[in-house]
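Worksheet: the structure to be examined is printed underneath.
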Amino acid sequence: MMKRLFPAPLLSVALFVLWLLLNHSVSKGHIVLGAILGLMIPVLTRGLRPLPVRVRHPWTILKLFLTVVADTSASNFQVVRFLLLPKMRKHQAAFVHVPLELQDPNGLAVLAMITCITPGTAWAEISRDRSVLLMHVLEVDDPQTIVEHVKTKYERPLMEIFE
């Protein structure tokens, strides 16, 4: 019964506190409205939240994080070079099809975030059966190199973490 009324207690508390902070007020009206929002939003959005995650392999998470930081930093420099010196562009932009083995929705969400925060890449589409990711890449020399990079650096660690 408690889980149905309070599906995400931390979210409820965070929404309540955020409401009071945004309004710069602790009046009775704002407290009541903040409490109503804090209780109702998690109930109404219950179906939108991802499946619960069991964290496994913390060292893999750390290695993946460091890989993403390194790749994002390198991509930042490549995009700056591309923007400042467009005549020195090495290759054309292209869409790359990446076959996926990863099926966990949380893992796919993390993969989407990784591809979107890395400058020069964007998650364009995923097939209905979640077996192929369509990525847009700013400079593509060899699509297979990009596929291998995504599969080895991101997909395999995510599979280890989530599946």
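To be explicit about the labels: the chains of the structure tokens are called A, B, and onward in the order shown, and within each one the residues are counted from 1, while ligands get numbers from 1 in the order they are shown.
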
Need the shell around region 27-41 of chain A: protein/DNA/RNA residues with any atom at most 8 Å away, counting only C-alpha atoms. Skip same-chain ones fewer than 4 positions apart. Format as number ranges by chain? A: 5-6, 11-17, 19-20, 23, 45

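Those residues of region 10-112 of chain A that DSSP, working from the backbone, places in strand (DSSP E) are Ala94, Phe95, Val96, His97, Val98 and Pro99 of chain A.
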
Given the selection you just returned, output its residues as a file containing all heavy atoms, formatted as a PDB file, in the first residue's frame.
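Final output, saved to out_28.pdb:
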```pdb
ATOM      1  N   ALA A  94      28.280  11.253 -41.863  1.00  0.00           N
ATOM      2  CA  ALA A  94      27.507  10.112 -42.378  1.00  0.00           C
ATOM      3  C   ALA A  94      26.712   9.477 -41.252  1.00  0.00           C
ATOM      4  O   ALA A  94      26.977   9.688 -40.069  1.00  0.00           O
ATOM      5  CB  ALA A  94      28.439   9.077 -42.995  1.00  0.00           C
ATOM      6  N   PHE A  95      25.737   8.689 -41.681  1.00  0.00           N
ATOM      7  CA  PHE A  95      24.988   7.855 -40.743  1.00  0.00           C
ATOM      8  C   PHE A  95      25.646   6.486 -40.717  1.00  0.00           C
ATOM      9  O   PHE A  95      26.042   5.962 -41.753  1.00  0.00           O
ATOM     10  CB  PHE A  95      23.528   7.730 -41.177  1.00  0.00           C
ATOM     11  CG  PHE A  95      22.727   8.970 -40.921  1.00  0.00           C
ATOM     12  CD1 PHE A  95      22.554   9.913 -41.921  1.00  0.00           C
ATOM     13  CD2 PHE A  95      22.160   9.196 -39.676  1.00  0.00           C
ATOM     14  CE1 PHE A  95      21.821  11.054 -41.691  1.00  0.00           C
ATOM     15  CE2 PHE A  95      21.430  10.348 -39.435  1.00  0.00           C
ATOM     16  CZ  PHE A  95      21.253  11.279 -40.440  1.00  0.00           C
ATOM     17  N   VAL A  96      25.767   5.926 -39.532  1.00  0.00           N
ATOM     18  CA  VAL A  96      26.414   4.624 -39.353  1.00  0.00           C
ATOM     19  C   VAL A  96      25.426   3.690 -38.647  1.00  0.00           C
ATOM     20  O   VAL A  96      24.835   4.070 -37.633  1.00  0.00           O
ATOM     21  CB  VAL A  96      27.703   4.760 -38.514  1.00  0.00           C
ATOM     22  CG1 VAL A  96      28.341   3.405 -38.279  1.00  0.00           C
ATOM     23  CG2 VAL A  96      28.677   5.711 -39.185  1.00  0.00           C
ATOM     24  N   HIS A  97      25.253   2.505 -39.198  1.00  0.00           N
ATOM     25  CA  HIS A  97      24.409   1.483 -38.574  1.00  0.00           C
ATOM     26  C   HIS A  97      25.260   0.636 -37.635  1.00  0.00           C
ATOM     27  O   HIS A  97      26.226   0.017 -38.079  1.00  0.00           O
ATOM     28  CB  HIS A  97      23.761   0.589 -39.634  1.00  0.00           C
ATOM     29  CG  HIS A  97      22.721   1.293 -40.424  1.00  0.00           C
ATOM     30  ND1 HIS A  97      23.016   2.017 -41.558  1.00  0.00           N
ATOM     31  CD2 HIS A  97      21.389   1.398 -40.240  1.00  0.00           C
ATOM     32  CE1 HIS A  97      21.904   2.531 -42.047  1.00  0.00           C
ATOM     33  NE2 HIS A  97      20.894   2.170 -41.256  1.00  0.00           N
ATOM     34  N   VAL A  98      24.889   0.623 -36.360  1.00  0.00           N
ATOM     35  CA  VAL A  98      25.618  -0.139 -35.350  1.00  0.00           C
ATOM     36  C   VAL A  98      24.726  -1.294 -34.888  1.00  0.00           C
ATOM     37  O   VAL A  98      23.696  -1.049 -34.252  1.00  0.00           O
ATOM     38  CB  VAL A  98      26.000   0.742 -34.143  1.00  0.00           C
ATOM     39  CG1 VAL A  98      26.764  -0.061 -33.108  1.00  0.00           C
ATOM     40  CG2 VAL A  98      26.784   1.961 -34.587  1.00  0.00           C
ATOM     41  N   PRO A  99      25.100  -2.537 -35.211  1.00  0.00           N
ATOM     42  CA  PRO A  99      24.307  -3.667 -34.705  1.00  0.00           C
ATOM     43  C   PRO A  99      24.481  -3.793 -33.190  1.00  0.00           C
ATOM     44  O   PRO A  99      25.588  -3.661 -32.676  1.00  0.00           O
ATOM     45  CB  PRO A  99      24.883  -4.879 -35.433  1.00  0.00           C
ATOM     46  CG  PRO A  99      26.218  -4.454 -35.923  1.00  0.00           C
ATOM     47  CD  PRO A  99      26.216  -2.965 -36.032  1.00  0.00           C
TER      48      PRO A  99
END
```

Find the spatial neighbours of Leu158 (chain A), counting only C-alpha atoms, within a cut-off of 8 Å - ignore same-chain residues fewer than 3 positions away - and output them as an NGL selection string. :A and (102 or 107 or 110-111 or 154-155 or 161-163)

Run DSSP on the backbone and grab whatever in region 66-150 of chain A lands in helix (DSSP H, G or I); send it over as a PyMOL selection string. chain A and resi 66-84+86-88+105-117+143-150

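With only C-alpha atoms taken into account, the protein and nucleic acid residues at most 9 Å from Ser73 (chain A) (excluding it and anything under 5 positions from it in its own chain) are Val68, Gln78, Thr118 and Pro119 of chain A.
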
Mind writing the picked residues with all heavy atoms as an mmCIF file, in the first residue's frame?
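Result written to out_5.cif:
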```cif
data_model
loop_
_atom_site.group_PDB
_atom_site.id
_atom_site.type_symbol
_atom_site.label_atom_id
_atom_site.label_comp_id
_atom_site.auth_asym_id
_atom_site.auth_seq_id
_atom_site.Cartn_x
_atom_site.Cartn_y
_atom_site.Cartn_z
ATOM 1 N N VAL A 68 34.369 7.395 -21.338
ATOM 2 C CA VAL A 68 33.470 8.431 -21.871
ATOM 3 C C VAL A 68 34.090 9.812 -21.702
ATOM 4 O O VAL A 68 34.030 10.640 -22.619
ATOM 5 C CB VAL A 68 32.080 8.338 -21.205
ATOM 6 C CG1 VAL A 68 31.214 9.534 -21.571
ATOM 7 C CG2 VAL A 68 31.384 7.041 -21.589
ATOM 8 N N GLN A 78 38.274 17.689 -31.621
ATOM 9 C CA GLN A 78 38.026 17.439 -33.042
ATOM 10 C C GLN A 78 36.937 18.357 -33.584
ATOM 11 O O GLN A 78 37.051 18.873 -34.704
ATOM 12 C CB GLN A 78 37.643 15.972 -33.265
ATOM 13 C CG GLN A 78 38.792 15.024 -33.026
ATOM 14 C CD GLN A 78 38.347 13.573 -33.015
ATOM 15 O OE1 GLN A 78 37.170 13.264 -33.112
ATOM 16 N NE2 GLN A 78 39.310 12.677 -32.870
ATOM 17 N N THR A 118 28.655 13.059 -26.522
ATOM 18 C CA THR A 118 29.930 13.083 -27.218
ATOM 19 C C THR A 118 29.789 13.991 -28.440
ATOM 20 O O THR A 118 29.010 13.698 -29.334
ATOM 21 C CB THR A 118 30.346 11.663 -27.653
ATOM 22 O OG1 THR A 118 30.358 10.823 -26.498
ATOM 23 C CG2 THR A 118 31.718 11.666 -28.292
ATOM 24 N N PRO A 119 30.511 15.097 -28.480
ATOM 25 C CA PRO A 119 30.409 16.008 -29.616
ATOM 26 C C PRO A 119 30.741 15.300 -30.931
ATOM 27 O O PRO A 119 31.675 14.501 -31.002
ATOM 28 C CB PRO A 119 31.439 17.097 -29.316
ATOM 29 C CG PRO A 119 31.623 17.031 -27.844
ATOM 30 C CD PRO A 119 31.438 15.596 -27.478
#
```

Tell me, as a PDB file with C-alpha atoms, in the first residue's frame, which residues lie within 7 Å of region 54-63 of chain A, counting only C-alpha atoms; anything in the same chain fewer than 2 positions away does not count.
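Just written: result-v3.pdb:
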```pdb
ATOM      1  CA  PRO A  52      14.793  -0.801 -11.319  1.00  0.00           C
ATOM      2  CA  PHE A  65      33.034   6.636 -17.052  1.00  0.00           C
ATOM      3  CA  LEU A  66      36.730   7.320 -17.664  1.00  0.00           C
ATOM      4  CA  THR A  67      36.418   6.095 -21.261  1.00  0.00           C
ATOM      5  CA  PRO A 157      30.770  -2.593 -20.605  1.00  0.00           C
ATOM      6  CA  ILE A 161      26.807  -3.654 -15.985  1.00  0.00           C
TER       7      ILE A 161
END
```

Residues near region 134-147 of chain A, cut-off 12 Å, only C-alpha atoms, skip fewer than 2 positions along chain, as an MDAnalysis selection string: chainID A and resid 75:76 78:83 86 88:100 111:112 114:116 118:128 130:132 149:155

Mind writing the picked residues with C-alpha atoms as a short mmCIF file (atom, residue, chain, number, x, y, z; two decimals), in the first residue's frame?
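Final output, selection04.cif:
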```cif
data_model
loop_
_atom_site.label_atom_id
_atom_site.label_comp_id
_atom_site.auth_asym_id
_atom_site.auth_seq_id
_atom_site.Cartn_x
_atom_site.Cartn_y
_atom_site.Cartn_z
CA SER A 75 35.76 14.74 -29.59
CA ASN A 76 35.58 18.28 -28.22
CA GLN A 78 38.03 17.44 -33.04
CA VAL A 79 34.81 19.47 -33.25
CA VAL A 80 36.65 22.69 -32.37
CA ARG A 81 39.19 21.92 -35.13
CA PHE A 82 36.31 21.25 -37.50
CA LEU A 83 34.57 24.53 -36.61
CA PRO A 86 36.52 23.82 -41.89
CA MET A 88 40.90 20.93 -42.92
CA ARG A 89 37.92 18.63 -42.64
CA LYS A 90 39.19 15.09 -43.06
CA HIS A 91 35.99 13.23 -43.92
CA GLN A 92 32.30 13.80 -44.59
CA ALA A 93 29.51 13.31 -42.08
CA ALA A 94 27.51 10.11 -42.38
CA PHE A 95 24.99 7.85 -40.74
CA VAL A 96 26.41 4.62 -39.35
CA HIS A 97 24.41 1.48 -38.57
CA VAL A 98 25.62 -0.14 -35.35
CA PRO A 99 24.31 -3.67 -34.71
CA LEU A 100 23.40 -4.05 -31.04
CA LEU A 111 24.21 4.35 -24.49
CA ALA A 112 21.90 7.05 -25.86
CA ILE A 114 26.86 8.62 -24.18
CA THR A 115 26.35 9.07 -27.91
CA CYS A 116 24.50 12.35 -27.43
CA THR A 118 29.93 13.08 -27.22
CA PRO A 119 30.41 16.01 -29.62
CA GLY A 120 30.19 14.99 -33.25
CA THR A 121 27.88 12.03 -32.66
CA ALA A 122 24.14 11.76 -32.23
CA TRP A 123 21.73 8.91 -31.60
CA ALA A 124 19.44 9.15 -34.63
CA GLU A 125 17.21 6.07 -34.38
CA ILE A 126 16.96 2.57 -33.01
CA SER A 127 15.17 -0.25 -34.80
CA ARG A 128 11.90 -1.54 -33.36
CA ARG A 130 16.45 -2.84 -30.70
CA SER A 131 18.98 -4.68 -32.83
CA VAL A 132 20.39 -1.74 -34.84
CA HIS A 149 34.52 1.55 -31.15
CA VAL A 150 30.89 1.74 -29.98
CA LYS A 151 30.65 -2.02 -29.45
CA THR A 152 33.93 -2.45 -27.56
CA LYS A 153 34.14 0.81 -25.61
CA TYR A 154 30.46 1.29 -24.73
CA GLU A 155 28.19 -1.66 -25.51
#
```

Excluding same-chain residues fewer than 6 positions from Arg4 (chain A), what lies within 10 Å of it counting only C-alpha atoms, as a PyMOL selection string? chain A and resi 42-43+46

Resulting file, chosen residues, C-alpha atoms, as a compact mmCIF listing (two decimals), in the first residue's frame:
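out.txt, written as the output of this step:
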```txt
# COMPACT_ATOMS: atom_id res chain seq x y z
CA PRO A 42 5.56 10.46 -8.85
CA VAL A 43 2.19 8.66 -8.85
CA ARG A 46 5.11 5.97 -12.42
```

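With only C-alpha atoms as the atoms that count, the residue of A:Leu84, A:Leu64, A:Val53, A:Leu44 with the shortest distance to Asp104 (chain A) is A:Val53.
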
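Here CA of Asp129 (chain A) and CA of Met113 (chain A) stand 19.5 Å from one another.
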